[in-house]
Each structure stands twice: as C-alpha cells, then as structure tokens.
Amino acid sequence: MIQIIAKKEFTELLRDGRFRWTALIVLTLLLVSLALGWKNYTTVKRDKDAAQADSRQTWENQGERNPHSAAHFGVYAYKPKMPLSLIDSGLDNFSGSSIWVEAHYQNPARNRPIEDATALQRFGELTAAGVLQLLLPLLIIFLTFDAFAGERTGGTLRQVLSLGVPRLQLVLGKTLGVLSALFLLLIPAVLIGVLALALATDNDTLLASLPRFLLMCLGYLLYFIAFIGIALTVSALASSVRTSLVVLLAFWIFSCLLIPRIVNDVSANAIKTPSGAEFWAKVKQDIKEGIDGHNPANTRTKALEEKVLAQYGVAKKEDLPINFGGISLQAGEEHASQVFDKHYGILNEIHLSQERLQSFFGIVSPFLPARSFSMAMAGTDLRHQQHFTDSVEQYRRGLQKMLNDDLAYNSTAKTASTYRVGKAFWEKTPDFEYSSPSTSRALSSGIFSFVLLFVWSFGAIGLSIFAANRMRVN
Amino acid sequence: MLKKIIKNEWRNLFAERSFFILAAAFSVLLIYGIVNASNWLAERSNQTQTLTDGHEKNLAEKQEKVRQGVKASTDPKNPQPDPGDPFEIGMNLHYAVLPFLSSTVFSIGQSDVLPNSAGIAISTLQRTEADKEGFENPLTFLSGRFDLSFVVVYLLPLFVLALSFNLLSGERETGTLQLLLSNPVTLKSLLTAKFLAQISLILGVVLSVATVTLLLTANVSQDNLIARFLLWFLLVSVYSAFWFSVAVFINSFGFSSATNAVIASATWLIPVLILPTLLNVAIAAIYPVPPRNEVVSAIRNVKLDMRRDGEKLLSEFYQDHPEMIPKDGKTDTKDFGLAFVYVQREQKKKVQEIENRFAEQLAKQQNLVKTLRFISPAIITQEAINDIAGTGLERYTNFRNQAKEFDRTWDEYFTQRIFRNEILTADEFDRVPRFKFNEEPLVNTFNRTLYGILFLIIITAALFYLSFGKLKNYRLEK
C-alpha cells in the first residue's frame, strides 16, 4: 500500500510543472555551486601549496645565521584546504589561514579571507551546502504544503480514507513519494559531487574523504526527512492550503534565517571573547611574573643558572663548555609554552562553549545541527581549525627546541655572538606537515548535531503520523 | 476618490488581526536589531577607547619624568633608557584608531571583521605586534549579526510581500473587486491607492519604531546622525517601494492568491539570497583576490635582504644625508640602534610598495563588485546602508590610507630626532604627532548612495509601468 501511495505521489509530482521548474532551478544551482566550489578549491589549494613550499625555500636559503636570529625570522604555516570544503566551505572564509611560526610567541592564525572581501561576502557564499541547507527545505515546502490540505480541499482525502487506507501508511507513502522525487535531483548531484572531488584530489585523498562524504550525505538525508515530516504535519493540521504555506514559510524563515543570527548574538553576549589587548596583557604578565605570580622571570633564570653551573662544576657562566644563552632561551620557551597552553586553552574553551551554546538551539531549528554536522564532516568547523592551530604550535615548539639546543651545545659564551649555521642545518630542520583529523574524530565532534538531526527526522515523521491520525477529513 | 480608496484600504487593514500581528512582529525585530547593534557598538567603542587612552597615559608618564629631570640609567642591574629618548618612544607600538560612529546601529557591516586600529611604530617588527590579534570566534561571522540592516534588507521585503501578495487577487477571490470597479474607479488608480495605503503604513511603522528606539539608545547629536537617518529612511522607502512594485507585477498576471504567494516567496529568494551568494562565489572563482600568501612571502624576502645589507646601507645613507650625522660628528655604522632604525625605514618602504600593489589589485576586484551590485536591489541596499552607517569599505579604505600617512609622519618625526641624537623636552611631548581620523564629508556618501537610490527608482517605475500595461487584460472573475 505504501508503495502505491508513494508511486502516486511521485508521478503526480513529476507531472507537476511547479516541481519540474523548481527542481530544475535547484539542480542547476547545485551544479553551478559545485563547479565554482571545485574551481575555488583548486585555485586556493594551488596557492597554498605554493606558499608553503616558498616559505620553506626562503627558510632553507636564508644564508648563514645565528639559530636564534633565524628563530625570530621564523617560517609560515598555511592551513591546507580540506577536499570537502568544495561542498561546504564552512568557516574557511572567516578563520585565519596562516600562522607565523616564530620564537617566543604562539601566534594566532591570521589572514582571514573575509578581511579582503567586499560586503558581498556577508550575504554568504553559494556553496553546495548552502543550497542543501537553505533552498532544498524550501523546495520541500513548495512540494508538500498541499499534500493533505490540497487533497482535503479537492475532496480526494475522504475517498482515499474511505477505502480503508491506514493513515500511518498514507503518511509513510507520501514521505517516500516526496523523497523519491527529491532523489531524482539529489542522485545526479551526489554523482557530480563525487566527480568534482575526484577531479580535485588524488586517489588517496579521495578514498580518505569518502567516509566523510557519505556521512555528510546521511546527515542531509535526515535533515530533508525532518522537513518533509514538518511539512506533512502542518499540511495535515492546517485549515487551508494558504495557511499551510504561510505557516511553513514562517517556520523556514524562523529556523533558517532568524535563529542562526539570534543564537550568534546570544552566544557572543553570554560568553565574552577577550579582545586582543586583554589577551596579550595577560600572557605578558604571566611570562614575566610566572603563572599566577609565582616564580617570576628573574628568579627562574637565576635558579637555572645555578643548576647548570653545578651540573658542569664551574663557577661562572663564561667557563661553561656550552652556551648558557641557548639553555636559557629554551627554558624561556618551555615556560612560555605553559603560559600559552593556559591562555589559548581558555580562549579555545570560550569558542567551544559559544559553539555548544549555539548548538543547543538546534532543538528549535533543524538548520543548526544540519549546518554544524556538514561543517564537521567537511573539516571546516571550529574543531578542525583548532586542530590546525594546535598542530602548528606543536611544530613550533619542536623547531624552537632544535634551534635553541643547537645554539646551546654547539657554541659557548665566547663564540655565541659570532656563531652561525648554514644551509645544511636549515635543511635538517623539520618542515610543517599537517594531517587532518580522522573521520572518527570528526564524527565524535559532530555527534551531538547528528543525534539532534536523528531526533528531528524521526520526531517530525512521528509527529506527522500523529497529525494525520487527528486531521479532519473535511 | 484616491483618498477615499486609501482610507477604505486602511480600514480594511486595521480590521484584520493578521496585520497587527505582522506589524507587531516586525516592530519587535526592528527594535531587537537596533538594541542588539547598539550593545555591540558600546562594547567595541570601549575597547578602542582603552587603546587610545593607554597610549596617552604612557606619553603623559614619560613627559612627567622628563619634567622631573629623570635621566637614563646605566646601572647594569636595572638599566633604564632616558624617558625622552625618541628611539624608545618611536619604537613603541602605538595605535591609530578609527572611532566608531553612532550610526553603526544602522549596520554593523564590515566593522566586525575589518580591524579598526592600525599599529604605528618605526619598526615593522613592532607593527607585527598589532597583527597578533584576531581572537574572535570565526563562528560569529558565519551567520552575521542581527542588526538593523539585516531587518531592512532581508525581513522588510517579506513584510511588504506578506501584505501585498494578494493586492488584487484577494479582492477578486472575495468578489469585492468587481464591486469596487463598479464605482467610477480604474484598476490603475485602485492599485495606486492600495499601494499608497500600504506603503505609508509600513514606512510609518519603520519611521516611528526606528526613531523612538534610536532616541532611546543612540546619541542623536553626534556624527550627523540625523542627516544619516534621513538618508537611510529615504533608501528604506525606495527599497520598500521596489518590493511593492514586485508584488504589483506578480498580481498583474492574474494568478490565484496561493500561486502569488509561492511566486512572491521565490522572487524574494532570488535577489536576497541567491544572486548575492552566487555573485560572491562567482567573483571569487573568476577574479580571485590575489592570495595574501604572496604578500607574506614578498615581505619576508625583503626582510631577509635588509638583514644582510644593513651596515652597507647605513654608510651609504650617511654619505647621501650628511645633515643626519649626529652633532658630535661620530658616525658608527656598527651602531646597532641606528642601523636598526635605518634598515627598518628602508624595509618599511619596500613592504609598503608590496602592500600597495596588493591593495590596488584588491581595489580592482572590489570595483567590479560595485558595478555588479546593480544586479540585485538587496546588494545595492546593503552597500548603501553600510556606506551611510560608516561601516562600509569606503570609510575603512579611507582609514587605512590615513593611518599609512600618519605612520609616515610618526616615522619622520622620530627618526630625525634619533639620527640627530636629540632627547625630547617636556614641552616637545605635546608636539608628538597624534592620530585623528578625518571623517569624509557626508555629501560624498550622499552622492554614492544616490546612484543606488536612482537605480531602484528606475526599476520600480519600470515594474509599475509593465504591470499597468498588463492590467488592461486583467480578468475580473476567477
């Protein structure tokens, strides 16, 4: 029975000019956005790879220099573009894309693409994700708002029900019917998505991205089912076709336009992000005075000096067979690392709490979990950004240690000012290589959104069954 | 007659509960948008004030020390520079700050992403300190802010369309259209009257709610706020009229109200959601912004060269500029401080060249957007509102240029004194350059906005004209 209803609904939709036209427009937009996403991805990726290689080359060819002078010169680490960002660019435009790796400082990621963009950027970017998150629900609304309300006005609802069709089957049949009509549009889009991915990346990356891609598709499927369920519920309860449409449009505006902006302000007001000046003031204070005011810098240096002198059994720094400067620099780095761990830890936690607070509003808007889950799978969400900044910091600490150790153990107090190393040494230093988090890690950060989507889709279908059981026939 | 129909239309609207619900909901959103943006503005203004105050305090402390006759101390345990040492002051990071206008409540615009302070110092190294910022959560930029411009650009059209999508079809479906037309009234004048009745109500709501909320939250006497408000209101009126003309056009085809509703919501989508986002991604793909990475690499190479050639450059400099040789006649090309200042100066010049080239390329792309904004009334309106609010690209570009200019003044002032080994006197502290942003005259904003407004008027008129032509074939029965 479900099959028959689904088939009827499906055929009816196909014959409907409304569906043909809107579906064609949405499909075109989806394809255009995929093509542009692909173009954008390849350009940005090429630029970034070139920049990373260039940074390395400059580093290796910096000539003969003191290792600490080189540490100040530093290198740049660029955030690689994630393959699935061609579908969902997520936070890519709003978060820093490169980090200056230098001595003494853990720098934040800088050069957000949005700073070089026009105000147009604030309207958003037409990515495949945008089409799926904003326009497809609207298409679903246009297709389903009269599913029950229309049949009631037309009088066919009474006939169908008089045949003894269980209402449960009626709802499931209609859901399947709409879903299969959507599949006509989604399947080619998915195939083209995979094709774009395959063209943009090599085989290994493609294979590694596939699980994320499939999970992303699953997330969107749940999102669409949620909207079908909601549309059927409203259509069953609404007194007229017009009311049904107005209520559904209002819900769309509320959940896809208003809520995302409102939660944005709510989270930013509830949990304050420190300004740059505040952040650095605290960091500098802790580096100078020691964390929480214990162990200030000069006491630390003194203790270190005594320790090293005792270790080598000499009375003065000048008599050491090594360069105390290098030891002291490394000790400074290690202390600063604790300070940075503390303050960046606080900052990252503030961002994550803002994100969590926003995600709770997913209870009133399916748009939010759909967006978060999609970004998590695309690797363009907050956690991926933090993973990148953390990796760069790990790299920075390793590089600093290597440079400081070289200065400490290969020079002495006398030779320190003239000590130089050259290309052979620079080539030995590690290059920054970023490996993105595994699918399972991405999934664990997106799990809350996934559960919410699950609840939304099953809840909405359940609700529509309930509504169908209570709906008036006339 | 026109007056009578307008009055009748008002009576009809007031009799409907749905009008009050719509108007109340829209007013709440308007108020929320203004209050939200003004909270944000207060918070940000405080942060920038702290920057300026900190710098003034720092200078005042040094000036006081000079007055008290504090000199440099060479005590190895606690070496202190001379408080009037130009090297110490000039090297310190100072900020040129762009003040927020109280009109920011119209639109937060780009002001949350574009830095409104620029680091000023002789050394480029110090300037990079100012670049170690950007701690905002990127998530907050993703959806954008709920400010007044969001309410105007996105939601006002919905309010307009919700009222007017069944302008004629509603009357026809209830059978009152024929009744109305049995009076000595043409369809054209009926439509005009309905349009006037509805738009006056909507603009009345916008005007009264916005005026009261602004009076309560903003400092009206500042920053030409009243003139800016009037310009803003003119823009909003034209934008509303455009959306009415869309509704009239849809109605002129003679579909049913339900069909009109679907068409109206789809029509809203195209200029507000689809065209801007499509244009955005298309421009990025076709005319990509020159990658920042290239600027970063170029600047690094300059720095590297400068380190190598520092000493040689300094001796050449003294040959070219004997007037800069310190008064005691001793020039030491190995003097680290002087070499450093000199190298920084040269380095800054080269870096500036690279940055200027980048800015030029960027400006080209942005000019393209300026031309292409005409494809969507929503883009025109958003850009114009940002301009009026002082949160658009124009004011920021202006600020960047002035900050650059100020950086040169600062540099010139201190390097001359450093090279001549002069120490600042207490009185001299009052003459240390201070940054003051020169606001562009409002008439420039007005001129820029005018193009957009005229364009909106033209398409509105065109849509009315087309609709009136179609009305000749309008069928009065269902």
# chains A, B, ... in the order shown; residues from 1 in each chain; ligands from 1
$ closest_atom_pairs --of "chain A" --to "chain B" --cutoff "6 Å" --atoms "only C-alpha atoms" --output "JSON lines"
{"residue": "A:Asn40", "atom": "CA", "partner": "B:Ala285", "partner_atom": "CA", "distance": 5.2}
{"residue": "A:Ala51", "atom": "CA", "partner": "B:Asn293", "partner_atom": "CA", "distance": 5.8}
{"residue": "A:Phe94", "atom": "CA", "partner": "B:Pro138", "partner_atom": "CA", "distance": 5.1}
{"residue": "A:Ser95", "atom": "CA", "partner": "B:Pro138", "partner_atom": "CA", "distance": 5.3}
{"residue": "A:Glu115", "atom": "CA", "partner": "B:Leu114", "partner_atom": "CA", "distance": 5.7}
{"residue": "A:Phe123", "atom": "CA", "partner": "B:Thr277", "partner_atom": "CA", "distance": 5.9}
{"residue": "A:Gly124", "atom": "CA", "partner": "B:Thr277", "partner_atom": "CA", "distance": 5.3}
{"residue": "A:Glu125", "atom": "CA", "partner": "B:Thr277", "partner_atom": "CA", "distance": 4.5}
{"residue": "A:Leu126", "atom": "CA", "partner": "B:Thr277", "partner_atom": "CA", "distance": 4.6}
{"residue": "A:Arg242", "atom": "CA", "partner": "B:Ala258", "partner_atom": "CA", "distance": 5.9}
{"residue": "A:Arg261", "atom": "CA", "partner": "B:Phe146", "partner_atom": "CA", "distance": 5.4}
{"residue": "A:Asn264", "atom": "CA", "partner": "B:Thr140", "partner_atom": "CA", "distance": 5.7}
{"residue": "A:Gly276", "atom": "CA", "partner": "B:Glu133", "partner_atom": "CA", "distance": 5.1}
{"residue": "A:His351", "atom": "CA", "partner": "B:Asn137", "partner_atom": "CA", "distance": 5.7}
$ select_by_dssp --residues "segment 31-276 of chain A" --states "strand (DSSP E)" --output "ChimeraX atom specification"
/A:75-78,98-101
$ write_last_selection --atoms "C-alpha atoms" --output "CSV table (one decimal), in the first residue's frame"
chain,number,residue,atom,x,y,z
A,75,VAL,CA,58.5,30.3,9.0
A,76,TYR,CA,54.9,30.4,7.9
A,77,ALA,CA,52.4,27.5,8.3
A,78,TYR,CA,49.5,27.6,5.9
A,98,SER,CA,48.2,31.1,8.1
A,99,ILE,CA,50.3,31.3,11.2
A,100,TRP,CA,53.7,32.9,11.7
A,101,VAL,CA,55.9,30.4,13.5
$ closest_residue --among "A:Ile5, A:Ala331, A:Leu248, A:Ala53" --to "Ala297 of chain A" --atoms "only C-alpha atoms"
A:Ala331
$ select_by_dssp --residues "segment 182-407 of chain B" --states "helix (DSSP H, G or I)" --output "PyMOL selection string"
chain B and resi 187-217+225-251+257-286+292-320+322-324+336-375+377-389+393-407
$ residues_around --residues "Asp431 of chain A" --least-positions-apart "3" --cutoff "12 Å" --atoms "only C-alpha atoms" --output "list in words"
Gln52, Ala53, Asp54, Ser55, Arg56, Gln57, Trp59, Glu60, Gly74, Val75, Tyr76, Ala77, Tyr78, Val101, Val392, Tyr395, Arg396, Gly398, Leu399, Trp426, Glu427, Lys428 and Tyr434 of chain A
$ residues_around --residues "segment 10-27 of chain A" --least-positions-apart "5" --cutoff "8 Å" --atoms "only C-alpha atoms" --output "JSON, numbers by chain"
{"A": [131, 135, 136, 139, 143, 177, 178, 180, 181, 185, 186, 189]}
$ atom_distance --atom1 "atom CA of Ser417 of chain A" --atom2 "atom CA of His104 of chain A"
19.4 Å
$ residues_around --residues "Val212 of chain B" --least-positions-apart "3" --cutoff "12 Å" --atoms "only C-alpha atoms" --output "JSON list (two decimals) with C-alpha atoms, in the first residue's frame"
[["chain", "number", "residue", "atom", "x", "y", "z"],
["B", 27, "SER", "CA", 8.46, 46.14, 15.12],
["B", 30, "LEU", "CA", 13.34, 46.26, 14.31],
["B", 31, "ILE", "CA", 13.81, 47.10, 17.99],
["B", 34, "ILE", "CA", 18.76, 48.35, 16.90],
["B", 35, "VAL", "CA", 19.28, 47.38, 20.54],
["B", 205, "VAL", "CA", 5.85, 51.67, 11.39],
["B", 206, "VAL", "CA", 9.54, 51.77, 10.38],
["B", 207, "LEU", "CA", 9.84, 55.51, 10.95],
["B", 208, "SER", "CA", 8.15, 55.61, 14.34],
["B", 209, "VAL", "CA", 9.77, 52.48, 15.76],
["B", 215, "LEU", "CA", 16.31, 58.32, 20.53],
["B", 216, "LEU", "CA", 16.48, 55.92, 23.46],
["B", 217, "THR", "CA", 19.70, 54.11, 22.54],
["B", 218, "ALA", "CA", 21.91, 56.40, 20.46],
["B", 220, "VAL", "CA", 21.50, 61.70, 18.29]]
